[in-house]
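Structure file my_file-v1.txt (compact mmCIF, C-alpha atoms) is printed below.
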```
# COMPACT_ATOMS: atom_id res chain seq x y z
CA MET A 1 166.63 111.01 170.42
CA GLU A 2 167.07 114.47 168.84
CA ASN A 3 167.48 112.86 165.42
CA LEU A 4 164.26 110.94 166.01
CA ILE A 5 162.42 114.13 167.00
CA ASP A 6 163.74 116.02 164.00
CA TYR A 7 163.02 113.19 161.59
CA LYS A 8 159.83 113.55 159.59
CA LEU A 9 158.05 111.02 157.45
CA PHE A 10 155.70 112.66 154.93
CA GLY A 11 155.72 115.82 157.03
CA VAL A 12 154.88 114.10 160.33
CA TYR A 13 157.31 113.93 163.29
CA ALA A 14 158.40 110.41 164.17
CA TYR A 15 158.30 111.27 167.90
CA ASP A 16 156.99 114.29 169.83
CA SER A 17 157.94 113.95 173.49
CA ILE A 18 155.58 116.67 174.79
CA ASN A 19 152.47 115.49 172.97
CA PHE A 20 153.26 111.85 173.67
CA ALA A 21 153.69 112.48 177.40
CA ASN A 22 150.46 114.50 177.40
CA LEU A 23 148.68 111.61 175.68
CA ILE A 24 149.91 109.04 178.22
CA ILE A 25 149.10 111.17 181.28
CA ARG A 26 145.61 112.08 180.09
CA PHE A 27 144.88 108.51 179.04
CA LEU A 28 145.90 107.06 182.42
CA PHE A 29 143.96 109.74 184.29
CA ASN A 30 140.83 109.15 182.20
CA LEU A 31 141.23 105.37 182.53
CA LEU A 32 141.50 105.67 186.31
CA VAL A 33 138.40 107.86 186.69
CA THR A 34 136.10 106.17 184.16
CA GLY A 35 137.32 102.71 185.17
CA PHE A 36 136.52 103.46 188.81
CA ILE A 37 132.99 104.66 187.93
CA ILE A 38 132.34 101.75 185.57
CA TYR A 39 133.57 99.02 187.90
CA TYR A 40 132.91 100.32 191.42
CA PHE A 41 129.52 101.99 190.90
CA TYR A 42 128.06 100.05 187.97
CA TYR A 43 129.55 96.59 187.56
CA ARG A 44 129.66 95.60 191.24
CA LYS A 45 125.85 95.93 191.39
CA ALA A 46 124.70 95.15 187.87
CA GLN A 47 127.21 92.33 187.16
CA ARG A 48 126.77 92.93 183.43
CA LYS A 49 130.01 92.06 181.66
CA ASP A 50 128.58 93.13 178.29
CA TYR A 51 128.02 96.70 179.47
CA LEU A 52 131.35 96.70 181.31
CA MET A 53 133.06 95.96 178.00
CA THR A 54 130.87 98.47 176.12
CA PHE A 55 131.52 101.36 178.50
CA SER A 56 135.27 100.67 178.67
CA LEU A 57 135.84 100.34 174.92
CA ILE A 58 133.63 103.33 174.04
CA SER A 59 135.50 105.45 176.59
CA MET A 60 138.88 104.46 175.13
CA THR A 61 137.67 104.93 171.55
CA VAL A 62 136.20 108.37 172.18
CA PHE A 63 139.30 109.45 174.10
CA PHE A 64 141.76 108.58 171.34
CA LEU A 65 139.46 109.98 168.64
CA VAL A 66 139.04 113.30 170.41
CA ILE A 67 142.60 113.85 171.64
CA LEU A 68 144.32 112.74 168.43
CA LEU A 69 141.94 114.66 166.16
CA ASP A 70 142.34 117.71 168.38
CA ASN A 71 146.10 117.44 167.98
CA VAL A 72 145.71 117.87 164.21
CA LYS A 73 143.79 121.12 164.81
CA LEU A 74 140.30 119.95 163.94
CA GLN A 75 137.59 122.13 165.41
CA VAL A 76 136.03 121.34 168.76
CA GLY A 77 132.64 121.16 167.06
CA PHE A 78 133.72 118.00 165.28
CA ALA A 79 134.61 116.37 168.59
CA LEU A 80 131.26 117.39 170.05
CA GLY A 81 129.63 115.90 166.95
CA LEU A 82 131.32 112.60 167.77
CA PHE A 83 130.00 112.93 171.30
CA ALA A 84 126.46 113.40 169.97
CA ILE A 85 126.75 110.42 167.62
CA PHE A 86 127.88 108.08 170.38
CA GLY A 87 125.30 109.55 172.74
CA ILE A 88 122.38 108.49 170.52
CA ILE A 89 123.64 104.97 169.81
CA ARG A 90 120.85 102.42 169.79
CA TYR A 91 121.83 98.80 169.51
CA ARG A 92 119.55 96.57 167.43
CA THR A 93 118.58 94.38 170.36
CA ILE A 94 116.48 95.16 173.41
CA THR A 95 116.36 98.88 174.18
CA ILE A 96 119.16 99.95 176.53
CA PRO A 97 117.76 100.61 180.03
CA ILE A 98 117.83 104.19 181.30
CA LYS A 99 120.53 103.45 183.89
CA GLU A 100 122.90 102.02 181.29
CA MET A 101 122.20 104.95 178.94
CA THR A 102 122.95 107.37 181.80
CA TYR A 103 126.26 105.70 182.57
CA LEU A 104 127.07 105.67 178.86
CA PHE A 105 126.37 109.42 178.69
CA VAL A 106 128.51 110.07 181.80
CA ILE A 107 131.43 108.00 180.51
CA ILE A 108 131.39 109.68 177.10
CA GLY A 109 131.06 113.13 178.68
CA LEU A 110 133.95 112.58 181.08
CA THR A 111 136.11 111.16 178.32
CA VAL A 112 135.50 114.18 176.09
CA ILE A 113 136.24 116.55 178.99
CA ASN A 114 139.50 114.81 179.86
CA ALA A 115 140.60 114.66 176.24
CA LEU A 116 139.65 118.22 175.25
CA ALA A 117 140.81 120.07 178.37
CA ASN A 118 143.39 122.51 177.01
CA LYS A 119 146.26 124.36 178.64
CA LYS A 120 143.90 127.10 179.90
CA ILE A 121 142.24 124.56 182.19
CA SER A 122 144.34 123.73 185.25
CA TYR A 123 144.84 120.23 186.57
CA ALA A 124 143.02 121.32 189.74
CA GLU A 125 139.90 122.22 187.74
CA LEU A 126 140.08 118.97 185.82
CA LEU A 127 140.55 116.96 189.03
CA PHE A 128 137.63 118.79 190.70
CA THR A 129 135.33 118.05 187.73
CA ASN A 130 136.15 114.36 187.72
CA THR A 131 135.86 114.15 191.51
CA MET A 132 132.38 115.69 191.41
CA PHE A 133 131.25 113.03 188.94
CA ILE A 134 132.55 110.32 191.29
CA ILE A 135 130.88 111.88 194.35
CA LEU A 136 127.53 112.27 192.59
CA CYS A 137 127.64 108.68 191.31
CA TRP A 138 128.34 107.53 194.86
CA ILE A 139 125.45 109.57 196.29
CA PHE A 140 122.92 108.30 193.77
CA GLU A 141 124.08 104.68 194.00
CA SER A 142 124.20 104.69 197.79
CA ASP A 143 121.14 103.92 199.92
CA ILE A 144 122.44 106.16 202.69
CA PHE A 145 120.85 109.30 201.25
CA ILE A 146 118.33 107.94 198.76
CA ARG A 147 116.34 104.73 199.16
CA HIS A 148 116.02 102.77 195.95
CA ILE A 149 112.58 101.58 194.92
CA SER A 150 112.42 98.67 192.47
CA THR A 151 109.39 97.68 190.42
CA LYS A 152 108.16 94.32 189.24
CA ILE A 153 105.30 93.24 186.99
CA VAL A 154 103.17 90.44 188.45
CA ILE A 155 100.38 88.43 186.87
CA TYR A 156 98.08 87.90 189.88
CA ASP A 157 95.64 85.02 190.03
CA ASN A 158 93.18 86.17 192.70
CA VAL A 159 91.02 89.01 191.35
CA LYS A 160 88.82 88.85 194.47
CA LEU A 161 91.45 90.89 196.27
CA VAL A 162 91.87 93.35 193.40
CA LYS A 163 89.17 95.77 194.46
CA ALA A 164 88.55 98.69 196.79
CA GLY A 165 88.78 97.88 200.49
CA LYS A 166 91.04 94.87 199.96
CA ASP A 167 94.30 96.80 199.74
CA GLU A 168 95.86 95.44 202.92
CA GLU A 169 94.83 91.86 202.16
CA LEU A 170 96.22 92.15 198.62
CA LYS A 171 99.48 93.60 199.93
CA ALA A 172 99.81 90.91 202.60
CA ASP A 173 99.16 88.12 200.08
CA LEU A 174 101.75 89.47 197.63
CA GLU A 175 104.36 89.98 200.37
CA ASN A 176 103.80 86.41 201.56
CA ARG A 177 104.19 85.00 198.04
CA LEU A 178 107.11 87.15 196.88
CA GLY A 179 108.94 87.69 200.17
CA LEU A 180 109.26 91.42 199.48
CA LYS A 181 108.41 94.52 201.49
CA ILE A 182 105.89 96.14 199.16
CA ILE A 183 105.44 99.89 199.18
CA ARG A 184 102.94 100.49 196.41
CA ILE A 185 100.69 98.40 194.15
CA GLU A 186 99.38 99.60 190.79
CA ILE A 187 96.53 97.66 189.22
CA GLY A 188 96.58 97.22 185.45
CA THR A 189 94.45 95.00 183.22
CA VAL A 190 91.98 92.74 185.03
CA ASP A 191 90.74 89.62 183.24
CA TYR A 192 87.71 88.15 185.05
CA ILE A 193 87.40 85.31 182.55
CA LYS A 194 90.91 84.01 183.28
CA ASP A 195 90.71 85.20 186.90
CA SER A 196 93.93 87.18 186.60
CA ALA A 197 95.21 90.74 186.83
CA ILE A 198 98.42 92.50 185.86
CA LEU A 199 99.94 94.35 188.81
CA THR A 200 102.99 96.58 189.05
CA ILE A 201 104.45 96.44 192.53
CA SER A 202 107.02 98.79 194.02
CA TYR A 203 109.24 97.53 196.80
CA ALA A 204 112.28 98.65 198.74
CA SER A 205 115.57 97.03 197.80
CA LYS A 206 119.12 97.55 198.98
CA GLU A 207 120.55 97.38 195.48
CA VAL A 208 119.36 98.41 192.04
CA GLU A 209 117.77 95.45 190.30
CA GLU A 210 117.59 95.05 186.55
CA ASN A 211 114.86 92.71 185.35
CA THR A 212 115.01 92.16 181.59
CA ALA A 213 111.86 90.03 181.62
CA ASP A 214 109.90 92.86 183.20
CA LEU A 215 111.22 95.27 180.60
CA ILE A 216 110.04 93.00 177.78
CA ASP A 217 106.56 92.84 179.33
CA LYS A 218 106.42 96.62 179.59
CA TYR A 219 107.29 97.07 175.93
CA ARG A 220 104.69 94.50 174.85
CA GLN A 221 102.07 96.43 176.73
```
Represent the structure contained in this file as structure tokens.
Amino acid sequence: MENLIDYKLFGVYAYDSINFANLIIRFLFNLLVTGFIIYYFYYRKAQRKDYLMTFSLISMTVFFLVILLDNVKLQVGFALGLFAIFGIIRYRTITIPIKEMTYLFVIIGLTVINALANKKISYAELLFTNTMFIILCWIFESDIFIRHISTKIVIYDNVKLVKAGKDEELKADLENRLGLKIIRIEIGTVDYIKDSAILTISYASKEVEENTADLIDKYRQ
């Protein structure tokens, strides 16, 4: 093993036990934390395999980029530049919803923290930082402390109820049709020729709901 450590190929050690062990430990720790956030808090509710893959691969890519480039003594500013580049990624399809962008930002941020934490930062501080991210994700995803309100765009076909004084009748009709407990109704465009109106309803839901069709309608408007 000593011969392997001492052996250099073009000025690079064939094996560095300390740096290699550090790489493995940090990688497993980061994989455990980010994987838990991605799967337990995001995927179990959203059921989006595409974002599950995206978050996981971006986390692994950023981790290896940052920790390996840091090992060759590149400045921290370069690593933060990578963080900024990945943070403003916009895929050439439908715009990424705010929740997915938030999780992407959290995953990249945690990965950079776990990869860049130097010897001056204790394991206790690193563990506390990661734990706080997990706790906050749990608080915001849980309906114990904060009730989630979902929204839905509805094209309503009875404009007779879309006027002052008919609020309760309109709410009752929508709840009967949709089977939802409606909290708030916002009235948008009303077309008296087609006898229709565009409504945005807010309703209580136990889980966060992502409705791509509603997002497309919002962008068109």
Nearest-residue call for Asn22 in chain A, choices A:Ile135, A:Ala115, A:Val190, A:Leu52, using only C-alpha atoms: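 Comparing A:Ile135, A:Ala115, A:Val190, A:Leu52 against Asn22 in chain A, the winner is A:Ala115.
With distances taken over all atoms listed in the file, A:Asn30 is the one residue among A:Ser59, A:Asn19, A:Thr200, A:Asn30 lying closest to Leu126 in chain A.
Going from CA of Phe128 in chain A over to CA of Phe29 in chain A, you cover 12.8 Å.
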Contact residues around Ile185 in chain A with all atoms listed in the file at 8 Å, ignoring same-chain residues under 3 positions, as a list in words: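 Once the nearby chain positions are removed, what remains is Lys171, Ile182, Leu199, Thr200, Ile201 and Ser202 of chain A.
Separating CA of Val62 in chain A from CA of Leu104 in chain A is a distance of 11.6 Å.
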For Thr34 in chain A, the nearest of the candidates A:Asn130, A:Ser205, A:Ser142, A:Thr61, counting only C-alpha atoms: A:Asn130
Separation of CA of Tyr203 in chain A from CA of Arg184 in chain A, in Å and rounded to one decimal: 7.0 Å
Neighbours of point (94.0, 96.4, 196.8) within 12 Å, using only C-alpha atoms, written as JSON, numbers by chain: {"A": [156, 158, 159, 160, 161, 162, 163, 164, 165, 166, 167, 168, 169, 170, 171, 172, 173, 174, 184, 185, 186, 187, 188, 197, 199, 200, 201]}
Residues within 12 Å of (125.0, 95.6, 184.3), counting all atoms listed in the file, listed as a ChimeraX atom specification: /A:38-55,96-101,103-104,208-212
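Restricting the calculation to all atoms listed in the file, the smallest distance between Met132 in chain A and any of A:Leu116, A:Phe105, A:Phe63, A:Leu110 is found for A:Leu110.
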Distance query Ala117 in chain A at most 12 Å, only C-alpha atoms, self and fewer than 6 positions along chain excluded, as a list in words: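 Near neighbours after the sequence-gap exclusion: Asn22, Leu23, Arg26, Asn30, Phe63, Val66, Ile67, Asp70, Asn71, Val76, Gly109, Leu110, Thr111, Tyr123, Ala124, Glu125, Leu126, Leu127, Thr129 and Asn130 of chain A.
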Can you complete the atoms of range 157-179 of chain A to N, CA and C atoms and list them as a short mmCIF file (atom, residue, chain, number, x, y, z; two decimals), keeping the file's coordinate frame?
```cif
data_model
loop_
_atom_site.label_atom_id
_atom_site.label_comp_id
_atom_site.auth_asym_id
_atom_site.auth_seq_id
_atom_site.Cartn_x
_atom_site.Cartn_y
_atom_site.Cartn_z
N ASP A 157 96.69 85.98 190.35
CA ASP A 157 95.64 85.02 190.03
C ASP A 157 94.43 85.06 190.95
N ASN A 158 94.31 86.10 191.78
CA ASN A 158 93.18 86.17 192.70
C ASN A 158 92.52 87.54 192.58
N VAL A 159 91.63 87.70 191.61
CA VAL A 159 91.02 89.01 191.35
C VAL A 159 90.06 89.42 192.46
N LYS A 160 89.71 88.50 193.38
CA LYS A 160 88.82 88.85 194.47
C LYS A 160 89.43 89.89 195.39
N LEU A 161 90.76 89.90 195.43
CA LEU A 161 91.45 90.89 196.27
C LEU A 161 91.79 92.17 195.52
N VAL A 162 91.54 92.18 194.21
CA VAL A 162 91.87 93.35 193.40
C VAL A 162 90.65 94.26 193.31
N LYS A 163 90.30 94.85 194.43
CA LYS A 163 89.17 95.77 194.46
C LYS A 163 89.28 96.66 195.69
N ALA A 164 88.50 97.73 195.69
CA ALA A 164 88.55 98.69 196.79
C ALA A 164 88.24 98.02 198.12
N GLY A 165 88.98 98.42 199.15
CA GLY A 165 88.78 97.88 200.49
C GLY A 165 89.59 96.63 200.78
N LYS A 166 90.24 96.07 199.79
CA LYS A 166 91.04 94.87 199.96
C LYS A 166 92.54 95.14 199.84
N ASP A 167 92.90 96.40 199.95
CA ASP A 167 94.30 96.80 199.74
C ASP A 167 95.27 96.07 200.66
N GLU A 168 94.95 96.05 201.95
CA GLU A 168 95.86 95.44 202.92
C GLU A 168 95.95 93.93 202.72
N GLU A 169 94.82 93.30 202.40
CA GLU A 169 94.83 91.86 202.16
C GLU A 169 95.64 91.53 200.90
N LEU A 170 95.46 92.34 199.86
CA LEU A 170 96.22 92.15 198.62
C LEU A 170 97.71 92.32 198.88
N LYS A 171 98.07 93.34 199.62
CA LYS A 171 99.48 93.60 199.93
C LYS A 171 100.07 92.46 200.75
N ALA A 172 99.32 91.99 201.76
CA ALA A 172 99.81 90.91 202.60
C ALA A 172 100.00 89.62 201.81
N ASP A 173 99.07 89.33 200.90
CA ASP A 173 99.16 88.12 200.08
C ASP A 173 100.38 88.17 199.16
N LEU A 174 100.61 89.33 198.53
CA LEU A 174 101.75 89.47 197.63
C LEU A 174 103.07 89.40 198.40
N GLU A 175 103.13 90.03 199.57
CA GLU A 175 104.36 89.98 200.37
C GLU A 175 104.66 88.55 200.81
N ASN A 176 103.62 87.80 201.14
CA ASN A 176 103.80 86.41 201.56
C ASN A 176 104.30 85.54 200.40
N ARG A 177 103.79 85.80 199.21
CA ARG A 177 104.19 85.00 198.04
C ARG A 177 105.59 85.37 197.55
N LEU A 178 105.86 86.68 197.50
CA LEU A 178 107.11 87.15 196.88
C LEU A 178 108.24 87.33 197.89
N GLY A 179 107.90 87.47 199.17
CA GLY A 179 108.94 87.69 200.17
C GLY A 179 109.55 89.07 200.08
#
```
